[in-house]
file model-v9.cif (mmCIF, C-alpha atoms and all ligand atoms)
data_work
#
loop_
_atom_site.label_atom_id
_atom_site.label_comp_id
_atom_site.auth_asym_id
_atom_site.auth_seq_id
_atom_site.Cartn_x
_atom_site.Cartn_y
_atom_site.Cartn_z
CA VAL A 1 9.77 -11.60 -7.13
CA ALA A 2 11.45 -10.47 -3.92
CA TRP A 3 15.19 -10.15 -3.60
CA LYS A 4 16.98 -10.01 -0.31
CA SER A 5 19.24 -6.97 -0.31
CA ASP A 6 22.81 -7.07 1.01
CA GLU A 7 24.28 -4.52 3.41
CA HIS A 8 24.51 -1.98 0.54
CA GLY A 9 20.87 -2.44 -0.34
CA TYR A 10 21.58 -4.26 -3.61
CA ALA A 11 19.82 -7.45 -4.59
CA ALA A 12 21.99 -10.34 -3.39
CA HIS A 13 19.93 -13.46 -3.94
CA ARG A 14 16.40 -14.64 -4.34
CA VAL A 15 14.56 -15.02 -1.02
CA LYS A 16 14.02 -18.67 -0.12
CA ILE A 17 10.98 -19.64 1.93
CA LEU A 18 10.48 -23.10 3.39
CA LEU A 19 6.77 -23.76 4.01
CA LEU A 20 5.88 -26.80 6.16
CA GLY A 21 2.29 -28.08 6.23
CA ALA A 22 1.44 -26.75 2.76
CA SER A 23 -1.22 -29.45 2.34
CA GLY A 24 -3.19 -28.21 5.36
CA GLN A 25 -6.08 -25.78 5.69
CA LEU A 26 -3.80 -22.80 6.40
CA GLY A 27 -0.90 -24.10 4.32
CA ALA A 28 -3.01 -24.07 1.15
CA GLU A 29 -3.69 -20.34 1.63
CA LEU A 30 -0.05 -19.63 2.51
CA ARG A 31 1.01 -21.21 -0.77
CA ARG A 32 -1.00 -18.50 -2.48
CA SER A 33 -0.14 -15.53 -0.26
CA LEU A 34 3.62 -16.20 0.10
CA ALA A 35 4.24 -16.98 -3.58
CA PRO A 36 5.02 -13.36 -4.58
CA LEU A 37 7.56 -12.96 -1.78
CA GLY A 38 10.17 -15.41 -3.00
CA GLU A 39 11.01 -18.94 -3.97
CA LEU A 40 8.67 -21.23 -2.08
CA THR A 41 9.63 -24.81 -1.21
CA THR A 42 6.81 -26.99 0.11
CA PRO A 43 8.05 -30.43 1.17
CA SER A 44 5.49 -33.11 1.89
CA ARG A 45 5.27 -34.81 5.28
CA SER A 46 7.33 -37.73 3.96
CA ASP A 47 10.19 -35.37 3.01
CA CYS A 48 10.04 -33.34 6.20
CA ASP A 49 8.34 -35.19 9.05
CA LEU A 50 8.11 -33.25 12.31
CA MET A 51 8.09 -36.61 14.13
CA GLN A 52 11.57 -37.31 12.73
CA PRO A 53 14.03 -34.53 13.60
CA CYS A 54 16.68 -35.83 11.16
CA THR A 55 14.36 -35.18 8.18
CA VAL A 56 13.69 -31.64 9.44
CA ARG A 57 17.43 -30.93 9.90
CA ARG A 58 18.22 -32.31 6.45
CA CYS A 59 15.50 -30.24 4.82
CA VAL A 60 16.72 -26.96 6.35
CA ARG A 61 20.41 -27.71 5.75
CA VAL A 62 19.85 -28.51 2.08
CA LEU A 63 17.68 -25.46 1.38
CA ARG A 64 19.25 -22.88 3.75
CA PRO A 65 16.04 -20.82 3.73
CA ASP A 66 15.76 -17.14 4.67
CA ILE A 67 12.35 -17.80 6.19
CA ILE A 68 10.82 -20.98 7.64
CA VAL A 69 7.02 -20.91 7.89
CA ASN A 70 5.64 -23.75 9.98
CA ALA A 71 1.96 -24.39 9.26
CA ALA A 72 2.36 -28.09 10.04
CA ALA A 73 0.85 -29.35 13.28
CA TRP A 74 -1.01 -32.10 15.06
CA THR A 75 -4.51 -30.56 14.91
CA ASP A 76 -6.71 -33.48 16.03
CA VAL A 77 -7.77 -31.92 19.32
CA GLU A 78 -9.80 -34.92 20.55
CA GLY A 79 -7.18 -37.42 19.35
CA ALA A 80 -4.44 -35.57 21.24
CA GLU A 81 -5.98 -36.66 24.55
CA GLN A 82 -5.17 -40.31 23.71
CA ALA A 83 -1.95 -39.57 21.83
CA ALA A 84 -0.50 -36.80 23.98
CA ALA A 85 3.13 -37.86 23.37
CA GLN A 86 2.74 -37.77 19.58
CA ALA A 87 0.95 -34.42 19.69
CA MET A 88 3.74 -33.08 21.90
CA ALA A 89 6.39 -34.41 19.51
CA VAL A 90 4.84 -32.63 16.49
CA ASN A 91 3.60 -29.43 18.15
CA GLY A 92 6.25 -29.05 20.85
CA ALA A 93 9.54 -30.93 20.44
CA ALA A 94 9.75 -30.35 16.67
CA LEU A 95 9.80 -26.61 17.32
CA THR A 96 13.01 -26.99 19.31
CA VAL A 97 14.58 -28.49 16.19
CA LEU A 98 13.12 -25.81 13.90
CA ALA A 99 14.30 -23.01 16.22
CA GLU A 100 17.80 -24.51 16.40
CA GLN A 101 17.93 -24.81 12.59
CA ALA A 102 16.55 -21.27 12.09
CA ARG A 103 19.26 -19.93 14.41
CA ALA A 104 21.97 -21.84 12.55
CA CYS A 105 21.10 -20.24 9.20
CA HIS A 106 19.91 -16.84 10.56
CA ALA A 107 16.46 -17.56 9.21
CA LEU A 108 13.22 -16.07 10.48
CA LEU A 109 10.95 -18.74 11.99
CA VAL A 110 7.21 -18.12 11.58
CA HIS A 111 5.00 -20.36 13.70
CA TYR A 112 1.26 -20.59 14.43
CA SER A 113 -0.14 -20.80 17.93
CA SER A 114 -3.63 -21.44 19.22
CA ASP A 115 -6.19 -19.83 21.52
CA TYR A 116 -6.20 -23.25 23.28
CA VAL A 117 -3.08 -22.18 25.22
CA PHE A 118 -5.51 -20.12 27.35
CA ASP A 119 -8.13 -21.41 29.79
CA GLY A 120 -10.76 -18.89 28.67
CA ARG A 121 -11.61 -17.71 32.19
CA LEU A 122 -10.15 -14.20 31.99
CA GLY A 123 -13.42 -12.44 31.13
CA ARG A 124 -11.89 -10.18 28.48
CA ALA A 125 -10.03 -10.61 25.19
CA TYR A 126 -6.52 -12.03 25.73
CA VAL A 127 -3.42 -9.96 25.02
CA GLU A 128 -0.13 -11.63 24.14
CA SER A 129 1.34 -11.19 27.64
CA ASP A 130 -1.58 -12.86 29.46
CA ALA A 131 -0.66 -16.05 31.29
CA PRO A 132 -1.39 -19.26 29.37
CA ASN A 133 -3.08 -22.16 31.13
CA PRO A 134 -4.08 -24.85 28.61
CA LEU A 135 -6.98 -27.15 29.46
CA SER A 136 -6.20 -29.93 26.98
CA ALA A 137 -3.33 -32.09 25.70
CA TYR A 138 -3.53 -30.21 22.38
CA GLY A 139 -3.31 -26.85 24.21
CA ARG A 140 -0.32 -28.05 26.25
CA SER A 141 1.48 -29.20 23.11
CA LYS A 142 0.84 -25.86 21.39
CA LEU A 143 2.14 -23.98 24.42
CA ALA A 144 5.34 -26.08 24.36
CA GLY A 145 5.71 -25.14 20.68
CA ASP A 146 5.39 -21.41 21.45
CA GLU A 147 8.08 -21.65 24.11
CA ALA A 148 10.41 -23.59 21.82
CA ALA A 149 9.86 -21.25 18.84
CA ARG A 150 10.97 -18.32 21.02
CA GLN A 151 14.45 -19.91 21.15
CA ALA A 152 14.96 -18.73 17.57
CA ASP A 153 16.49 -15.21 17.65
CA ARG A 154 14.22 -14.23 14.80
CA HIS A 155 10.73 -15.57 15.36
CA LEU A 156 7.14 -14.58 14.77
CA ILE A 157 4.40 -16.50 16.54
CA LEU A 158 0.98 -15.74 15.09
CA ARG A 159 -1.74 -16.93 17.47
CA ALA A 160 -5.23 -17.55 16.14
CA GLY A 161 -8.42 -19.46 16.89
CA TRP A 162 -11.67 -20.58 15.23
CA LEU A 163 -10.05 -20.95 11.79
CA TYR A 164 -11.98 -21.90 8.69
CA GLY A 165 -11.02 -22.11 5.04
CA LEU A 166 -11.89 -23.63 1.69
CA HIS A 167 -9.46 -26.50 2.26
CA GLY A 168 -9.96 -29.09 4.97
CA ASP A 169 -12.71 -29.56 7.54
CA ASN A 170 -14.02 -26.85 9.81
CA PHE A 171 -17.14 -25.68 11.65
CA LEU A 172 -18.40 -23.55 8.76
CA LYS A 173 -18.31 -26.38 6.22
CA THR A 174 -19.77 -28.90 8.67
CA LEU A 175 -22.65 -26.55 9.53
CA LEU A 176 -23.44 -25.90 5.86
CA THR A 177 -23.63 -29.65 5.26
CA LEU A 178 -25.85 -30.17 8.33
CA MET A 179 -28.10 -27.27 7.32
CA ARG A 180 -28.82 -29.08 4.05
CA GLN A 181 -29.68 -32.31 5.90
CA ARG A 182 -31.59 -31.24 9.02
CA ALA A 183 -34.48 -28.92 9.81
CA GLN A 184 -33.18 -28.19 13.30
CA LEU A 185 -29.71 -27.79 14.81
CA ASP A 186 -28.54 -27.19 18.37
CA VAL A 187 -25.51 -24.89 18.67
CA VAL A 188 -23.52 -23.86 21.74
CA ALA A 189 -24.11 -20.25 22.76
CA ASP A 190 -21.83 -19.89 25.79
CA GLN A 191 -18.38 -20.14 24.16
CA PHE A 192 -16.93 -16.95 22.69
CA GLY A 193 -14.34 -16.27 20.01
CA THR A 194 -13.86 -14.86 16.52
CA PRO A 195 -14.30 -16.88 13.32
CA THR A 196 -11.20 -16.10 11.26
CA SER A 197 -10.45 -17.24 7.73
CA THR A 198 -7.20 -18.94 6.82
CA GLU A 199 -7.24 -16.52 3.88
CA LEU A 200 -6.95 -13.57 6.30
CA LEU A 201 -4.29 -15.26 8.44
CA ALA A 202 -2.26 -16.10 5.32
CA ASP A 203 -2.60 -12.53 4.01
CA VAL A 204 -1.53 -11.08 7.37
CA THR A 205 1.49 -13.42 7.36
CA ALA A 206 2.48 -12.20 3.89
CA GLN A 207 2.04 -8.53 4.88
CA VAL A 208 4.26 -8.93 7.92
CA LEU A 209 6.89 -10.88 5.97
CA ALA A 210 6.93 -8.25 3.21
CA ARG A 211 7.78 -5.64 5.85
CA TYR A 212 10.56 -7.86 7.18
CA LEU A 213 12.02 -8.47 3.71
CA HIS A 214 11.82 -4.83 2.69
CA ALA A 215 13.69 -3.67 5.78
CA HIS A 216 17.36 -2.89 5.21
CA ALA A 217 19.61 -5.79 6.29
CA ASP A 218 20.77 -3.88 9.41
CA ALA A 219 17.21 -2.95 10.41
CA ARG A 220 16.02 -6.51 9.85
CA ALA A 221 17.84 -7.76 12.93
CA ASP A 222 15.83 -5.24 15.01
CA PHE A 223 12.50 -6.21 13.48
CA ALA A 224 9.50 -6.39 15.83
CA PHE A 225 9.81 -10.14 16.39
CA GLY A 226 7.59 -11.86 18.94
CA THR A 227 4.06 -13.09 19.48
CA TYR A 228 1.00 -11.52 17.83
CA HIS A 229 -2.68 -12.30 18.11
CA VAL A 230 -4.44 -12.47 14.75
CA ALA A 231 -8.23 -12.50 14.35
CA ALA A 232 -10.89 -10.82 12.26
CA SER A 233 -12.56 -7.94 14.10
CA GLY A 234 -15.54 -8.44 16.39
CA ASP A 235 -16.55 -11.59 18.24
CA THR A 236 -19.45 -13.95 18.73
CA HIS A 237 -20.42 -17.36 20.10
CA TRP A 238 -20.82 -20.56 18.06
CA TYR A 239 -24.60 -19.97 17.86
CA GLY A 240 -24.08 -16.42 16.50
CA TYR A 241 -21.59 -17.84 13.99
CA ALA A 242 -24.15 -20.47 12.92
CA CYS A 243 -26.86 -17.81 12.48
CA GLN A 244 -24.50 -15.82 10.25
CA ILE A 245 -23.70 -18.90 8.14
CA ALA A 246 -27.43 -19.63 7.71
CA GLU A 247 -28.19 -16.01 6.81
CA GLN A 248 -25.43 -15.88 4.21
CA ALA A 249 -26.35 -19.28 2.79
CA ARG A 250 -29.97 -18.18 2.34
CA ALA A 251 -28.83 -14.87 0.81
CA VAL A 252 -26.84 -16.66 -1.92
CA GLY A 253 -29.59 -19.22 -2.55
CA TRP A 254 -27.96 -22.28 -0.94
CA PRO A 255 -30.73 -24.92 -0.70
CA LEU A 256 -31.27 -25.55 3.03
CA ARG A 257 -33.50 -27.99 4.86
CA LEU A 258 -33.01 -25.89 7.98
CA ALA A 259 -36.27 -24.29 9.15
CA ASP A 260 -36.38 -20.49 9.52
CA ASP A 261 -36.34 -20.92 13.29
CA GLY A 262 -34.28 -24.15 13.09
CA LEU A 263 -31.20 -22.98 14.98
CA ARG A 264 -31.45 -23.49 18.75
CA ALA A 265 -29.01 -21.98 21.25
CA ILE A 266 -27.80 -24.47 23.86
CA ASP A 267 -25.40 -24.48 26.78
CA SER A 268 -22.06 -26.27 26.32
CA SER A 269 -22.91 -28.49 29.30
CA ALA A 270 -25.56 -30.10 27.05
CA TRP A 271 -22.90 -31.08 24.50
CA PHE A 272 -20.61 -33.99 25.33
CA SER A 273 -16.92 -33.67 24.53
CA GLN A 274 -13.82 -35.43 25.86
CA VAL A 275 -11.91 -32.16 25.62
CA LEU A 276 -12.23 -29.09 27.82
CA ARG A 277 -12.31 -26.04 25.58
CA PRO A 278 -11.67 -22.42 26.58
CA ARG A 279 -15.04 -20.76 27.20
CA ASP A 280 -13.98 -17.29 26.12
CA SER A 281 -10.89 -17.21 23.91
CA ARG A 282 -11.34 -13.85 22.25
CA LEU A 283 -7.95 -12.49 21.16
CA ASP A 284 -6.99 -8.81 21.40
CA THR A 285 -5.25 -7.82 18.15
CA THR A 286 -4.13 -4.31 19.17
CA ARG A 287 -0.44 -5.23 19.09
CA LEU A 288 -0.59 -6.58 15.53
CA ARG A 289 -2.60 -3.64 14.21
CA ALA A 290 -0.46 -1.01 15.95
CA THR A 291 2.90 -2.54 15.01
CA PHE A 292 2.20 -3.25 11.36
CA GLY A 293 -0.55 -0.73 10.59
CA LEU A 294 -2.96 -3.44 9.52
CA ARG A 295 -6.74 -3.32 9.37
CA LEU A 296 -8.61 -6.49 10.24
CA PRO A 297 -12.03 -6.78 8.57
CA PRO A 298 -15.21 -7.81 10.46
CA TRP A 299 -15.53 -11.58 10.88
CA GLN A 300 -18.87 -11.53 9.05
CA ASP A 301 -17.12 -10.39 5.82
CA GLY A 302 -14.98 -13.52 5.74
CA VAL A 303 -17.96 -15.81 6.40
CA GLN A 304 -19.91 -14.15 3.58
CA ARG A 305 -16.96 -14.58 1.21
CA MET A 306 -16.47 -18.20 2.10
CA VAL A 307 -20.16 -19.15 1.78
CA THR A 308 -20.26 -17.45 -1.63
CA GLN A 309 -17.09 -19.24 -2.75
CA LEU A 310 -18.45 -22.59 -1.59
CA ILE A 311 -21.74 -22.20 -3.46
CA GLU A 312 -19.88 -21.10 -6.60
CA GLY A 313 -17.66 -24.17 -6.29
CA ALA A 314 -20.72 -26.43 -5.90
CA HIS A 315 -22.15 -25.43 -9.31
N1 LIG A 401 -7.82 -25.07 12.77
C1 LIG A 401 -7.98 -24.17 13.74
O1 LIG A 401 -9.10 -23.78 14.11
C2 LIG A 401 -6.76 -23.56 14.39
C3 LIG A 401 -6.95 -22.62 15.39
C4 LIG A 401 -5.83 -22.03 15.97
C5 LIG A 401 -4.56 -22.36 15.55
N2 LIG A 401 -4.40 -23.29 14.58
C6 LIG A 401 -3.03 -23.62 14.17
O2 LIG A 401 -2.85 -23.24 12.81
C7 LIG A 401 -1.90 -24.09 12.18
C8 LIG A 401 -2.47 -24.69 10.90
O3 LIG A 401 -3.64 -25.45 11.22
P1 LIG A 401 -4.56 -26.10 10.09
O4 LIG A 401 -5.97 -25.95 10.54
O5 LIG A 401 -4.17 -25.58 8.74
O6 LIG A 401 -4.12 -27.64 10.21
P2 LIG A 401 -4.44 -28.87 9.23
O7 LIG A 401 -5.40 -28.48 8.16
O8 LIG A 401 -4.76 -30.04 10.10
O9 LIG A 401 -3.02 -29.13 8.52
C9 LIG A 401 -1.96 -29.67 9.24
C10 LIG A 401 -0.76 -29.80 8.33
O10 LIG A 401 0.31 -30.34 9.11
C11 LIG A 401 0.86 -31.44 8.41
N3 LIG A 401 1.41 -32.39 9.37
C12 LIG A 401 0.77 -33.07 10.35
N4 LIG A 401 1.63 -33.86 11.01
C13 LIG A 401 2.85 -33.67 10.44
C14 LIG A 401 4.14 -34.19 10.68
N5 LIG A 401 4.37 -35.10 11.62
N6 LIG A 401 5.16 -33.76 9.91
C15 LIG A 401 4.97 -32.86 8.92
N7 LIG A 401 3.76 -32.34 8.65
C16 LIG A 401 2.72 -32.73 9.40
C17 LIG A 401 -0.29 -32.03 7.62
O11 LIG A 401 0.21 -32.81 6.57
P3 LIG A 401 -0.63 -34.04 5.92
O12 LIG A 401 -1.42 -33.43 4.80
O13 LIG A 401 0.41 -34.98 5.46
O14 LIG A 401 -1.50 -34.60 7.01
C18 LIG A 401 -0.96 -30.74 7.14
O15 LIG A 401 -0.28 -30.22 6.02
C19 LIG A 401 -1.53 -25.14 13.26
O16 LIG A 401 -0.38 -24.72 13.93
C20 LIG A 401 -2.71 -25.10 14.21
O17 LIG A 401 -2.35 -25.53 15.51
C21 LIG A 401 -5.47 -23.91 13.98
#

call {"tool": "encode", "arguments": {"input": "model-v9.cif", "output": "structure tokens", "more": "lines below"}}
Ligand SMILES: NC(=O)c1ccc[n+]([C@@H]2O[C@H](COP(=O)([O-])OP(=O)(O)OC[C@H]3O[C@@H](n4cnc5c(N)ncnc54)[C@H](OP(=O)(O)O)[C@@H]3O)[C@@H](O)[C@H]2O)c1
result
Amino acid sequence: VAWKSDEHGYAAHRVKILLLGASGQLGAELRRSLAPLGELTTPSRSDCDLMQPCTVRRCVRVLRPDIIVNAAAWTDVEGAEQAAAQAMAVNGAALTVLAEQARACHALLVHYSSDYVFDGRLGRAYVESDAPNPLSAYGRSKLAGDEAARQADRHLILRAGWLYGLHGDNFLKTLLTLMRQRAQLDVVADQFGTPTSTELLADVTAQVLARYLHAHADARADFAFGTYHVAASGDTHWYGYACQIAEQARAVGWPLRLADDGLRAIDSSAWFSQVLRPRDSRLDTTRLRATFGLRLPPWQDGVQRMVTQLIEGAH
């Protein structure tokens, strides 16, 4: 159990953490990773609805948290094109309210950003200071959220992409299902990024927060707040990711219909989507690793772990 120390370094009170979006893919992992850091409160959407600022204000005022972790978001990327105002309300405007509330109770605001704030045309991995240029309504709403979150004096924006986890839907789980149903699959080979587990992102969050909480009260105000890119190490395209999933699934004996040569690399122009996606949204994690002394494991390790966990869960 973590205790926040007062100016003399003595335990003053139990650290209170407000976690929004605990029912989501990332939120489920944060529930696990943040639990040892303090007293975790995880309101449901009906108790703290980002569409309704009064419920957010009430939630923060009642709890007076030391840390607010916002894993809640509008994540329906295709749906955001038709419901841009709602996506903006949840991913953008709500962050203005959260930042204002964090400021009022001197809380640290932790928020999650997306690689979709970039257009993917840079030709190298993005660093935090590269100019954003979102291609989609979802990307624009996430960018608005980043800008609003920065209004909190104490903020950490952790930007990620290509997330997968045990909870919720994602590319890895969809591909495993399709590999059991079909002998052949076409997968895009001209979009680049790094598959990153929600488990890793949640663990990184906890590591960074532990450093913040362990800092002396005076030093805490000078903490290395700001934006950080978080990703497993290495990169690939969706086709390379699919090959890795198939290889791991075969290695752990997952029964596949997929033929040995059943994965076919295609160009994204052959795949219809209403949403423009960044073609190359690799994220440079140097700042995170250098600031907090963290090591980020190869992306293949996480995929292997997840496939093994899924097959164990299926028995
Ligand atoms: N998934 C990715 O590949 C990816 C990539 C980069 C960044 N991110 C970012 O990572 C964060 C977590 O994403 P995720 O994949 O874990 O999302 P997710 O699985 O879709 O979960 C979203 C969470 O937000 C909650 N929520 C939605 N609308 C809400 C509202 N109006 N008020 C309160 N809560 C609301 C949902 O609650 P209900 O259970 O009630 O629906 C759920 O708990 C987001 O900021 C996302 O933009 C995701």

call {"tool": "atom_distance", "arguments": {"input": "model-v9.cif", "atom1": "CA of Leu283 (chain A)", "atom2": "CA of Ala160 (chain A)"}}
result
7.6 Å

call {"tool": "residues_near_ligand", "arguments": {"input": "model-v9.cif", "ligand": "ligand LIG 401 (chain A)", "cutoff": "8 Å", "atoms": "all atoms listed in the file", "output": "PyMOL selection string"}}
result
chain A and resi 20-28+44-46+48-52+70-76+90-91+111-116+142+159-164+167-170+198

call {"tool": "closest_residue", "arguments": {"input": "model-v9.cif", "among": "A:Ala35, A:Asp267, A:Lys173, A:Ala219", "to": "Ile311 (chain A)", "atoms": "only C-alpha atoms"}}
result
A:Lys173

call {"tool": "closest_residue", "arguments": {"input": "model-v9.cif", "among": "A:Thr55, A:Gln181, A:Thr308, A:Ser197", "to": "Trp254 (chain A)", "atoms": "only C-alpha atoms"}}
result
A:Thr308

call {"tool": "residues_near_point", "arguments": {"input": "model-v9.cif", "point": "(16.8, -18.8, 3.8)", "cutoff": "8 Å", "atoms": "all atoms listed in the file", "output": "MDAnalysis selection string"}}
result
chainID A and resid 15:18 63:68 105:107

call {"tool": "write_last_selection", "arguments": {"input": "model-v9.cif", "atoms": "C-alpha atoms", "output": "mmCIF file, in the coordinates of the input"}}
result
data_model
loop_
_atom_site.group_PDB
_atom_site.id
_atom_site.type_symbol
_atom_site.label_atom_id
_atom_site.label_comp_id
_atom_site.auth_asym_id
_atom_site.auth_seq_id
_atom_site.Cartn_x
_atom_site.Cartn_y
_atom_site.Cartn_z
ATOM 1 C CA VAL A 15 14.560 -15.020 -1.020
ATOM 2 C CA LYS A 16 14.020 -18.670 -0.120
ATOM 3 C CA ILE A 17 10.980 -19.640 1.930
ATOM 4 C CA LEU A 18 10.480 -23.100 3.390
ATOM 5 C CA LEU A 63 17.680 -25.460 1.380
ATOM 6 C CA ARG A 64 19.250 -22.880 3.750
ATOM 7 C CA PRO A 65 16.040 -20.820 3.730
ATOM 8 C CA ASP A 66 15.760 -17.140 4.670
ATOM 9 C CA ILE A 67 12.350 -17.800 6.190
ATOM 10 C CA ILE A 68 10.820 -20.980 7.640
ATOM 11 C CA CYS A 105 21.100 -20.240 9.200
ATOM 12 C CA HIS A 106 19.910 -16.840 10.560
ATOM 13 C CA ALA A 107 16.460 -17.560 9.210
#

call {"tool": "atom_distance", "arguments": {"input": "model-v9.cif", "atom1": "CA of His229 (chain A)", "atom2": "CA of Glu128 (chain A)"}}
result
6.6 Å

call {"tool": "closest_residue", "arguments": {"input": "model-v9.cif", "among": "A:Val188, A:Val230, A:Arg124, A:Gly79", "to": "Thr205 (chain A)", "atoms": "all atoms listed in the file"}}
result
A:Val230

call {"tool": "residues_around", "arguments": {"input": "model-v9.cif", "residues": "region 272-282 of chain A", "least_positions_apart": "5", "cutoff": "6 Å", "atoms": "only C-alpha atoms", "output": "list of chain:residue names"}}
result
A:Asp115, A:Asp119, A:Gly120, A:Ala125, A:Leu135, A:Gln191, A:Phe192, A:Gly193

call {"tool": "write_last_selection", "arguments": {"input": "model-v9.cif", "atoms": "C-alpha atoms", "output": "mmCIF file, keeping the file's coordinate frame"}}
result
data_model
loop_
_atom_site.group_PDB
_atom_site.id
_atom_site.type_symbol
_atom_site.label_atom_id
_atom_site.label_comp_id
_atom_site.auth_asym_id
_atom_site.auth_seq_id
_atom_site.Cartn_x
_atom_site.Cartn_y
_atom_site.Cartn_z
ATOM 1 C CA ASP A 115 -6.190 -19.830 21.520
ATOM 2 C CA ASP A 119 -8.130 -21.410 29.790
ATOM 3 C CA GLY A 120 -10.760 -18.890 28.670
ATOM 4 C CA ALA A 125 -10.030 -10.610 25.190
ATOM 5 C CA LEU A 135 -6.980 -27.150 29.460
ATOM 6 C CA GLN A 191 -18.380 -20.140 24.160
ATOM 7 C CA PHE A 192 -16.930 -16.950 22.690
ATOM 8 C CA GLY A 193 -14.340 -16.270 20.010
#

call {"tool": "residues_around", "arguments": {"input": "model-v9.cif", "residues": "region 176-180 of chain A", "least_positions_apart": "3", "cutoff": "7 Å", "atoms": "only C-alpha atoms", "output": "MDAnalysis selection string"}}
result
chainID A and resid 172:173 255:258

call {"tool": "atom_distance", "arguments": {"input": "model-v9.cif", "atom1": "CA of Ser141 (chain A)", "atom2": "CA of Gln82 (chain A)"}}
result
13.0 Å

call {"tool": "residues_around", "arguments": {"input": "model-v9.cif", "residues": "Glu312 (chain A)", "least_positions_apart": "3", "cutoff": "12 Å", "atoms": "all atoms listed in the file", "output": "PyMOL selection string"}}
result
chain A and resi 166+249+252-254+305-309+315

call {"tool": "closest_residue", "arguments": {"input": "model-v9.cif", "among": "A:Val97, A:Leu158, A:Phe223, A:Gln304", "to": "Leu288 (chain A)", "atoms": "all atoms listed in the file"}}
result
A:Leu158
